[in-house]
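Novice: Structure file data-v9.cif (mmCIF, C-alpha atoms) right here:
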```
data_target
#
loop_
_atom_site.group_PDB
_atom_site.id
_atom_site.type_symbol
_atom_site.label_atom_id
_atom_site.label_comp_id
_atom_site.auth_asym_id
_atom_site.auth_seq_id
_atom_site.Cartn_x
_atom_site.Cartn_y
_atom_site.Cartn_z
ATOM 1 C CA MET A 1 76.096 -40.396 24.175
ATOM 2 C CA LYS A 2 76.109 -38.743 27.590
ATOM 3 C CA ILE A 3 75.626 -40.605 30.866
ATOM 4 C CA GLN A 4 74.328 -38.678 33.875
ATOM 5 C CA PHE A 5 74.696 -39.938 37.440
ATOM 6 C CA TYR A 6 72.223 -39.424 40.286
ATOM 7 C CA TYR A 7 72.451 -40.002 44.016
ATOM 8 C CA PRO A 8 69.444 -41.321 45.993
ATOM 9 C CA ARG A 9 67.894 -39.272 48.775
ATOM 10 C CA TRP A 10 67.006 -42.649 50.331
ATOM 11 C CA GLY A 11 69.317 -43.124 53.302
ATOM 12 C CA SER A 12 70.108 -39.416 53.717
ATOM 13 C CA GLU A 13 66.724 -38.158 54.865
ATOM 14 C CA ASP A 14 68.135 -36.795 58.137
ATOM 15 C CA ILE A 15 70.600 -34.515 56.328
ATOM 16 C CA ASP A 16 69.622 -30.905 55.580
ATOM 17 C CA TRP A 17 68.713 -30.513 51.905
ATOM 18 C CA ASN A 18 71.344 -27.861 51.204
ATOM 19 C CA ASP A 19 74.079 -29.915 52.868
ATOM 20 C CA PHE A 20 72.947 -33.048 51.070
ATOM 21 C CA CYS A 21 72.909 -31.390 47.653
ATOM 22 C CA ARG A 22 76.275 -29.756 48.251
ATOM 23 C CA ASN A 23 77.811 -33.133 49.151
ATOM 24 C CA VAL A 24 76.276 -34.775 46.088
ATOM 25 C CA LYS A 25 77.536 -32.038 43.768
ATOM 26 C CA GLN A 26 81.037 -32.107 45.227
ATOM 27 C CA ALA A 27 81.169 -35.882 44.753
ATOM 28 C CA GLY A 28 80.641 -35.438 41.007
ATOM 29 C CA TYR A 29 76.963 -36.269 40.520
ATOM 30 C CA ASP A 30 74.611 -34.567 38.062
ATOM 31 C CA GLY A 31 71.501 -34.790 40.235
ATOM 32 C CA ILE A 32 69.491 -36.648 42.813
ATOM 33 C CA GLU A 33 66.628 -39.122 42.770
ATOM 34 C CA ALA A 34 63.980 -38.471 45.393
ATOM 35 C CA PRO A 35 60.282 -38.496 46.213
ATOM 36 C CA VAL A 36 58.556 -35.126 46.380
ATOM 37 C CA PRO A 37 56.281 -34.071 49.259
ATOM 38 C CA GLU A 38 52.821 -32.644 48.658
ATOM 39 C CA ASP A 39 53.469 -29.494 50.715
ATOM 40 C CA PRO A 40 54.532 -26.623 48.391
ATOM 41 C CA LYS A 41 56.759 -25.148 51.110
ATOM 42 C CA GLU A 42 58.687 -28.400 51.435
ATOM 43 C CA GLN A 43 58.907 -28.632 47.645
ATOM 44 C CA ALA A 44 60.380 -25.126 47.528
ATOM 45 C CA ILE A 45 63.142 -26.110 49.966
ATOM 46 C CA ILE A 46 64.132 -29.049 47.752
ATOM 47 C CA LEU A 47 64.004 -27.086 44.504
ATOM 48 C CA GLU A 48 66.044 -24.238 45.964
ATOM 49 C CA ALA A 49 68.735 -26.640 47.196
ATOM 50 C CA LEU A 50 68.897 -28.265 43.766
ATOM 51 C CA LYS A 51 69.120 -24.904 42.000
ATOM 52 C CA ASN A 52 71.805 -23.601 44.349
ATOM 53 C CA ASN A 53 73.972 -26.625 43.616
ATOM 54 C CA GLY A 54 73.291 -27.012 39.894
ATOM 55 C CA LEU A 55 71.632 -30.412 40.255
ATOM 56 C CA GLN A 56 68.768 -32.035 38.372
ATOM 57 C CA LEU A 57 65.955 -34.127 39.818
ATOM 58 C CA ILE A 58 64.561 -37.531 38.982
ATOM 59 C CA GLY A 59 61.258 -37.906 40.804
ATOM 60 C CA GLN A 60 60.578 -41.150 42.631
ATOM 61 C CA TYR A 61 57.242 -42.847 43.291
ATOM 62 C CA TYR A 62 57.280 -45.766 45.735
ATOM 63 C CA GLN A 63 54.027 -45.420 47.685
ATOM 64 C CA SER A 64 52.417 -48.614 46.344
ATOM 65 C CA PHE A 65 50.724 -49.603 49.587
ATOM 66 C CA GLU A 66 46.960 -49.758 49.007
ATOM 67 C CA LYS A 67 45.510 -53.237 48.516
ATOM 68 C CA ASP A 68 42.240 -52.055 46.971
ATOM 69 C CA PHE A 69 42.947 -51.439 43.288
ATOM 70 C CA GLU A 70 40.733 -48.380 42.799
ATOM 71 C CA VAL A 71 42.146 -46.675 45.893
ATOM 72 C CA HIS A 72 45.628 -47.660 44.752
ATOM 73 C CA LYS A 73 45.062 -46.212 41.269
ATOM 74 C CA SER A 74 43.684 -42.963 42.695
ATOM 75 C CA ASN A 75 46.729 -42.452 44.907
ATOM 76 C CA TYR A 76 49.052 -43.453 42.056
ATOM 77 C CA ILE A 77 47.579 -40.728 39.859
ATOM 78 C CA LYS A 78 47.773 -38.179 42.675
ATOM 79 C CA GLN A 79 51.427 -38.929 43.423
ATOM 80 C CA LEU A 80 52.485 -38.861 39.768
ATOM 81 C CA TYR A 81 50.911 -35.427 39.317
ATOM 82 C CA ILE A 82 52.673 -34.168 42.456
ATOM 83 C CA LEU A 83 55.979 -35.345 41.017
ATOM 84 C CA ALA A 84 55.227 -33.909 37.580
ATOM 85 C CA SER A 85 54.341 -30.523 39.095
ATOM 86 C CA VAL A 86 57.976 -29.810 40.002
ATOM 87 C CA LYS A 87 59.114 -30.668 36.462
ATOM 88 C CA PRO A 88 61.746 -33.366 37.106
ATOM 89 C CA LEU A 89 63.887 -34.708 34.301
ATOM 90 C CA LYS A 90 61.875 -37.942 34.486
ATOM 91 C CA ILE A 91 59.929 -39.991 37.004
ATOM 92 C CA ASN A 92 60.915 -43.426 38.270
ATOM 93 C CA ALA A 93 57.796 -45.285 39.414
ATOM 94 C CA GLN A 94 57.501 -48.478 41.423
ATOM 95 C CA THR A 95 54.271 -49.216 39.611
ATOM 96 C CA GLY A 96 51.619 -51.746 40.582
ATOM 97 C CA LYS A 97 51.605 -54.860 42.726
ATOM 98 C CA ASP A 98 52.731 -58.422 42.166
ATOM 99 C CA TYR A 99 49.266 -59.638 43.239
ATOM 100 C CA PHE A 100 47.296 -57.333 40.922
ATOM 101 C CA SER A 101 46.075 -58.971 37.720
ATOM 102 C CA PHE A 102 47.815 -58.365 34.406
ATOM 103 C CA GLU A 103 44.896 -56.161 33.371
ATOM 104 C CA GLN A 104 45.068 -54.074 36.537
ATOM 105 C CA ASN A 105 48.807 -53.446 36.272
ATOM 106 C CA ALA A 106 48.405 -52.709 32.562
ATOM 107 C CA GLU A 107 45.778 -50.111 33.501
ATOM 108 C CA LEU A 108 48.301 -48.392 35.768
ATOM 109 C CA PHE A 109 50.876 -48.396 32.984
ATOM 110 C CA ALA A 110 48.272 -46.814 30.690
ATOM 111 C CA VAL A 111 47.514 -44.129 33.283
ATOM 112 C CA ALA A 112 51.225 -43.300 33.498
ATOM 113 C CA GLY A 113 51.444 -43.177 29.707
ATOM 114 C CA ALA A 114 48.601 -40.679 29.577
ATOM 115 C CA ILE A 115 50.276 -38.488 32.208
ATOM 116 C CA THR A 116 53.511 -38.594 30.205
ATOM 117 C CA LYS A 117 51.650 -37.413 27.094
ATOM 118 C CA GLU A 118 49.956 -34.646 29.075
ATOM 119 C CA THR A 119 53.034 -33.361 30.912
ATOM 120 C CA GLY A 120 55.883 -34.325 28.576
ATOM 121 C CA ILE A 121 57.676 -36.014 31.491
ATOM 122 C CA THR A 122 58.765 -39.599 30.872
ATOM 123 C CA ILE A 123 57.637 -42.103 33.490
ATOM 124 C CA CYS A 124 59.732 -45.251 33.697
ATOM 125 C CA HIS A 125 58.637 -48.290 35.680
ATOM 126 C CA GLU A 126 61.022 -49.987 38.078
ATOM 127 C CA THR A 127 61.798 -53.707 38.024
ATOM 128 C CA HIS A 128 61.183 -53.997 41.745
ATOM 129 C CA ARG A 129 60.093 -56.804 44.059
ATOM 130 C CA ASN A 130 56.436 -56.659 45.129
ATOM 131 C CA LYS A 131 55.560 -54.415 42.141
ATOM 132 C CA ALA A 132 54.155 -55.149 38.685
ATOM 133 C CA LEU A 133 57.578 -55.901 37.135
ATOM 134 C CA PHE A 134 58.819 -58.006 40.050
ATOM 135 C CA ALA A 135 60.378 -60.831 38.015
ATOM 136 C CA ALA A 136 62.117 -61.182 34.668
ATOM 137 C CA HIS A 137 59.604 -63.602 33.157
ATOM 138 C CA ILE A 138 56.653 -61.448 34.259
ATOM 139 C CA ALA A 139 58.245 -58.284 32.887
ATOM 140 C CA GLN A 140 58.854 -60.086 29.597
ATOM 141 C CA VAL A 141 55.111 -60.624 29.165
ATOM 142 C CA PHE A 142 54.361 -56.962 29.825
ATOM 143 C CA LEU A 143 57.124 -55.734 27.526
ATOM 144 C CA LYS A 144 55.915 -57.942 24.682
ATOM 145 C CA SER A 145 52.323 -56.847 25.168
ATOM 146 C CA LEU A 146 53.058 -53.143 25.772
ATOM 147 C CA PRO A 147 55.910 -52.247 23.400
ATOM 148 C CA ASP A 148 55.999 -48.578 24.459
ATOM 149 C CA LEU A 149 56.643 -49.434 28.117
ATOM 150 C CA LYS A 150 59.847 -47.900 29.482
ATOM 151 C CA ILE A 151 61.580 -49.367 32.513
ATOM 152 C CA THR A 152 64.004 -48.508 35.254
ATOM 153 C CA ALA A 153 66.413 -51.420 35.208
ATOM 154 C CA ASP A 154 67.119 -52.622 38.717
ATOM 155 C CA PHE A 155 68.011 -56.208 37.939
ATOM 156 C CA SER A 156 69.212 -56.804 41.506
ATOM 157 C CA HIS A 157 65.579 -57.457 42.444
ATOM 158 C CA TRP A 158 65.168 -60.073 39.742
ATOM 159 C CA CYS A 159 68.239 -61.926 41.001
ATOM 160 C CA ASN A 160 66.725 -62.057 44.465
ATOM 161 C CA VAL A 161 63.295 -63.182 43.225
ATOM 162 C CA ALA A 162 64.730 -65.897 40.963
ATOM 163 C CA GLU A 163 67.447 -66.961 43.437
ATOM 164 C CA SER A 164 69.940 -66.833 40.577
ATOM 165 C CA LEU A 165 72.027 -64.536 38.433
ATOM 166 C CA LEU A 166 69.382 -65.071 35.754
ATOM 167 C CA GLU A 167 71.566 -67.413 33.702
ATOM 168 C CA ASP A 168 68.471 -69.131 32.292
ATOM 169 C CA GLN A 169 66.505 -65.960 31.502
ATOM 170 C CA GLU A 170 68.638 -64.431 28.767
ATOM 171 C CA GLU A 171 65.704 -63.681 26.427
ATOM 172 C CA ALA A 172 63.817 -61.762 29.101
ATOM 173 C CA LEU A 173 66.936 -59.766 29.985
ATOM 174 C CA ALA A 174 67.722 -58.990 26.345
ATOM 175 C CA LEU A 175 64.231 -57.569 25.823
ATOM 176 C CA ALA A 176 64.383 -55.619 29.084
ATOM 177 C CA CYS A 177 67.707 -54.034 28.109
ATOM 178 C CA GLU A 178 66.074 -52.669 24.952
ATOM 179 C CA LYS A 179 63.362 -50.924 26.995
ATOM 180 C CA VAL A 180 65.526 -49.167 29.587
ATOM 181 C CA GLU A 181 64.954 -45.478 30.262
ATOM 182 C CA HIS A 182 66.833 -45.333 33.582
ATOM 183 C CA VAL A 183 69.187 -47.577 35.577
ATOM 184 C CA HIS A 184 69.617 -48.328 39.264
ATOM 185 C CA SER A 185 73.175 -49.610 39.492
ATOM 186 C CA ARG A 186 72.777 -51.742 42.591
ATOM 187 C CA VAL A 187 74.334 -55.206 42.626
ATOM 188 C CA GLY A 188 72.192 -58.023 43.968
ATOM 189 C CA HIS A 189 72.677 -61.733 44.457
ATOM 190 C CA GLN A 190 70.674 -64.905 44.868
ATOM 191 C CA GLN A 191 69.438 -64.144 48.393
ATOM 192 C CA SER A 192 69.327 -60.373 48.530
ATOM 193 C CA ALA A 193 68.786 -57.340 46.314
ATOM 194 C CA GLN A 194 72.053 -55.873 47.623
ATOM 195 C CA VAL A 195 75.457 -57.427 48.131
ATOM 196 C CA ILE A 196 77.232 -56.302 51.292
ATOM 197 C CA ASP A 197 79.921 -54.446 49.351
ATOM 198 C CA PRO A 198 80.598 -54.725 45.575
ATOM 199 C CA ARG A 199 84.271 -53.894 46.197
ATOM 200 C CA LEU A 200 84.830 -57.242 47.939
ATOM 201 C CA PRO A 201 86.326 -60.126 45.892
ATOM 202 C CA LYS A 202 83.611 -62.367 47.366
ATOM 203 C CA PHE A 203 81.017 -60.609 45.173
ATOM 204 C CA ARG A 204 83.051 -60.379 41.978
ATOM 205 C CA ASN A 205 80.761 -62.779 40.068
ATOM 206 C CA GLU A 206 77.696 -60.762 41.019
ATOM 207 C CA LEU A 207 79.331 -57.492 40.016
ATOM 208 C CA GLU A 208 80.448 -58.917 36.677
ATOM 209 C CA ALA A 209 76.944 -60.218 35.932
ATOM 210 C CA HIS A 210 75.417 -56.787 36.510
ATOM 211 C CA LEU A 211 78.169 -55.047 34.544
ATOM 212 C CA LYS A 212 77.396 -57.326 31.610
ATOM 213 C CA TRP A 213 73.756 -56.229 31.665
ATOM 214 C CA TRP A 214 74.646 -52.550 32.008
ATOM 215 C CA ASP A 215 77.150 -52.903 29.150
ATOM 216 C CA LYS A 216 74.314 -54.182 26.959
ATOM 217 C CA ILE A 217 72.126 -51.226 27.906
ATOM 218 C CA VAL A 218 74.889 -48.710 27.152
ATOM 219 C CA LYS A 219 75.719 -50.414 23.850
ATOM 220 C CA GLY A 220 72.058 -50.282 22.858
ATOM 221 C CA TYR A 221 71.928 -46.566 23.586
ATOM 222 C CA ARG A 222 75.025 -45.952 21.509
ATOM 223 C CA ASP A 223 73.834 -48.158 18.648
ATOM 224 C CA ARG A 224 70.505 -46.308 18.541
ATOM 225 C CA GLU A 225 72.309 -42.967 18.888
ATOM 226 C CA LYS A 226 70.284 -42.004 21.926
ATOM 227 C CA GLU A 227 71.621 -38.854 23.529
ATOM 228 C CA GLU A 228 71.464 -39.507 27.261
ATOM 229 C CA LEU A 229 71.253 -42.335 29.794
ATOM 230 C CA THR A 230 70.596 -41.699 33.486
ATOM 231 C CA ILE A 231 71.981 -43.908 36.258
ATOM 232 C CA THR A 232 71.240 -43.735 39.970
ATOM 233 C CA THR A 233 73.825 -45.485 42.130
ATOM 234 C CA GLU A 234 71.183 -46.902 44.432
ATOM 235 C CA PHE A 235 72.868 -48.941 47.135
ATOM 236 C CA GLY A 236 70.621 -48.352 50.132
ATOM 237 C CA PRO A 237 70.608 -48.171 53.927
ATOM 238 C CA ALA A 238 69.096 -50.752 56.280
ATOM 239 C CA PRO A 239 67.403 -53.119 55.736
ATOM 240 C CA TYR A 240 69.196 -53.368 52.364
ATOM 241 C CA MET A 241 72.496 -52.622 54.065
ATOM 242 C CA ILE A 242 73.315 -55.289 56.654
ATOM 243 C CA HIS A 243 73.773 -53.982 60.188
ATOM 244 C CA SER A 244 75.667 -55.694 62.973
ATOM 245 C CA PRO A 245 73.182 -57.336 65.366
ATOM 246 C CA LEU A 246 75.450 -56.382 68.282
ATOM 247 C CA THR A 247 75.996 -52.686 67.528
ATOM 248 C CA ASP A 248 73.147 -51.952 65.073
ATOM 249 C CA LYS A 249 75.689 -50.133 62.915
ATOM 250 C CA PRO A 250 76.082 -50.698 59.149
ATOM 251 C CA ILE A 251 78.975 -52.934 58.202
ATOM 252 C CA ALA A 252 79.773 -50.796 55.156
ATOM 253 C CA SER A 253 79.267 -47.183 54.057
ATOM 254 C CA GLN A 254 76.325 -46.527 51.763
ATOM 255 C CA TRP A 255 77.863 -43.243 50.621
ATOM 256 C CA ASP A 256 81.298 -44.722 49.879
ATOM 257 C CA ILE A 257 79.810 -47.628 47.925
ATOM 258 C CA ASN A 258 77.592 -45.395 45.801
ATOM 259 C CA VAL A 259 80.450 -43.022 44.987
ATOM 260 C CA TYR A 260 82.625 -46.029 44.148
ATOM 261 C CA MET A 261 79.964 -47.295 41.741
ATOM 262 C CA MET A 262 79.750 -43.894 40.051
ATOM 263 C CA HIS A 263 83.508 -43.767 39.473
ATOM 264 C CA LEU A 264 83.585 -47.396 38.314
ATOM 265 C CA LEU A 265 80.911 -46.758 35.697
ATOM 266 C CA LYS A 266 82.334 -43.404 34.610
ATOM 267 C CA GLU A 267 85.661 -45.088 33.938
ATOM 268 C CA ARG A 268 84.028 -48.079 32.244
ATOM 269 C CA TYR A 269 81.851 -46.031 29.905
ATOM 270 C CA GLY A 270 84.220 -43.152 29.318
ATOM 271 C CA LYS A 271 82.145 -40.301 30.616
#
```
Written as structure tokens, how would this file's structure read?

Specialist:
Amino acid sequence: MKIQFYYPRWGSEDIDWNDFCRNVKQAGYDGIEAPVPEDPKEQAIILEALKNNGLQLIGQYYQSFEKDFEVHKSNYIKQLYILASVKPLKINAQTGKDYFSFEQNAELFAVAGAITKETGITICHETHRNKALFAAHIAQVFLKSLPDLKITADFSHWCNVAESLLEDQEEALALACEKVEHVHSRVGHQQSAQVIDPRLPKFRNELEAHLKWWDKIVKGYRDREKEELTITTEFGPAPYMIHSPLTDKPIASQWDINVYMMHLLKERYGK
């Protein structure tokens, strides 16, 4: 089984695309994860930078802002087609809303499934706060009811929502690990979806908890003889990254942490 690593565009938006892609490639990544603009000229800039640096793309949908469901669904469809038009390896979607009904969120999952069948591009749904799969016990219901649903595992959000390391939600986690298409390897804790720095001994328990879940995902891939798992090392900038209230500067380096996580997981899983 092959594991590919991706770096998020999130946090590097002010860096020229060619410079950004060159840095990502030199660091040892296989690609980037990023949203895609509607403007074809802007798309061309991104695709050219990726091509020049031998990188792949995972498309990212996060624009879940509309309260009205029908307007929300219309924009969801529009954005997924924009992403699919540039032919990414797959699409990571922050699908739905925590306040939509089960039926409404299920309708969005069905829409994504239809687009996957039409385009051949897998759409995986992120376990993200404020979205349809915002909590472990909620995701468990969806995964039992919709067995073909594929997820992006970002369990850091679930830790934050549940104010725990999910010690009492083992069944929900076990089912989720079986449905993973993509991973965001960010480490969260009881009060935040991102620890200050996973290299610090203070956050060893949190790191070990997440490693245990990722180990289960990797083992499942190997047991099922699946060919490839994708991981985005998605530690983010402010407000995920704490900034000093006196200097407004981050107290750790997003880039350094993400590269550290890539090397940690490469060594752990023998890439």

Novice: Decode the PyMOL selection byres ((chain A and resi 106) around 10) for the given file into explicit residues and return them as a ChimeraX atom specification.

Specialist: /A:95-96,100-105,107-112,132,142,145-146,149

Novice: Assuming the chain letters and numbering stay as they are in my file, what does the PyMOL selection byres ((chain A and resi 133) around 10) actually select? List them as a ChimeraX atom specification.

Specialist: /A:94-98,105,125-132,134-143,151-152,157-158

Novice: Go through A:Ala27, A:Val180, A:Leu47, A:Ile242 one by one, measure the shortest atom-to-atom distance of each to Met261 of chain A using all atoms listed in the file, and give the residue with the smallest value.

Specialist: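 Nearest to Met261 of chain A: A:Ala27.
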
Novice: Residues within 7 Å of Gln4 of chain A, please, as a list in words. Count all atoms listed in the file; anything in the same chain fewer than 5 positions from it doesn't count.

Specialist: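 Residues meeting the cut-off are Asp30, Leu229, Thr230 and Ile231 of chain A.
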
Novice: Care to translate the PyMOL selection byres ((chain A and resi 60-74) around 6) into actual residues of this file, as a PyMOL selection string?

Specialist: chain A and resi 34-35+59+75-77+91-94

Novice: Need the shell around segment 247-257 of chain A: protein/DNA/RNA residues with any atom at most 8 Å away, counting only C-alpha atoms. Skip same-chain ones fewer than 3 positions apart. Format as a short mmCIF file (atom, residue, chain, number, x, y, z; two decimals) with C-alpha atoms, in the frame of the given file?

Specialist:
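File around24.cif, as written:
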```cif
data_model
loop_
_atom_site.label_atom_id
_atom_site.label_comp_id
_atom_site.auth_asym_id
_atom_site.auth_seq_id
_atom_site.Cartn_x
_atom_site.Cartn_y
_atom_site.Cartn_z
CA GLY A 11 69.32 -43.12 53.30
CA ILE A 196 77.23 -56.30 51.29
CA ASP A 197 79.92 -54.45 49.35
CA PRO A 198 80.60 -54.72 45.58
CA ARG A 199 84.27 -53.89 46.20
CA PHE A 235 72.87 -48.94 47.14
CA GLY A 236 70.62 -48.35 50.13
CA PRO A 237 70.61 -48.17 53.93
CA ALA A 238 69.10 -50.75 56.28
CA MET A 241 72.50 -52.62 54.06
CA ILE A 242 73.32 -55.29 56.65
CA HIS A 243 73.77 -53.98 60.19
CA SER A 244 75.67 -55.69 62.97
CA TYR A 260 82.62 -46.03 44.15
CA MET A 261 79.96 -47.30 41.74
#
```

Novice: Put the listed atoms of segment 36-47 of chain A in a box along x, y and z with 3 Å added on every side and give me the centre and edge lengths in Å to one decimal, as AutoDock Vina command-line options.

Specialist:
```
--center_x 58.5 --center_y -30.1 --center_z 48.0 --size_x 17.3 --size_y 16.0 --size_z 12.9
```

Novice: If we count all atoms listed in the file, what is near Thr116 of chain A at a cut-off of 12 Å, once residues fewer than 2 positions away on the same chain are taken out, given as a PyMOL selection string?

Specialist: chain A and resi 77+80-81+83-84+87-92+109-114+118-124+148-150
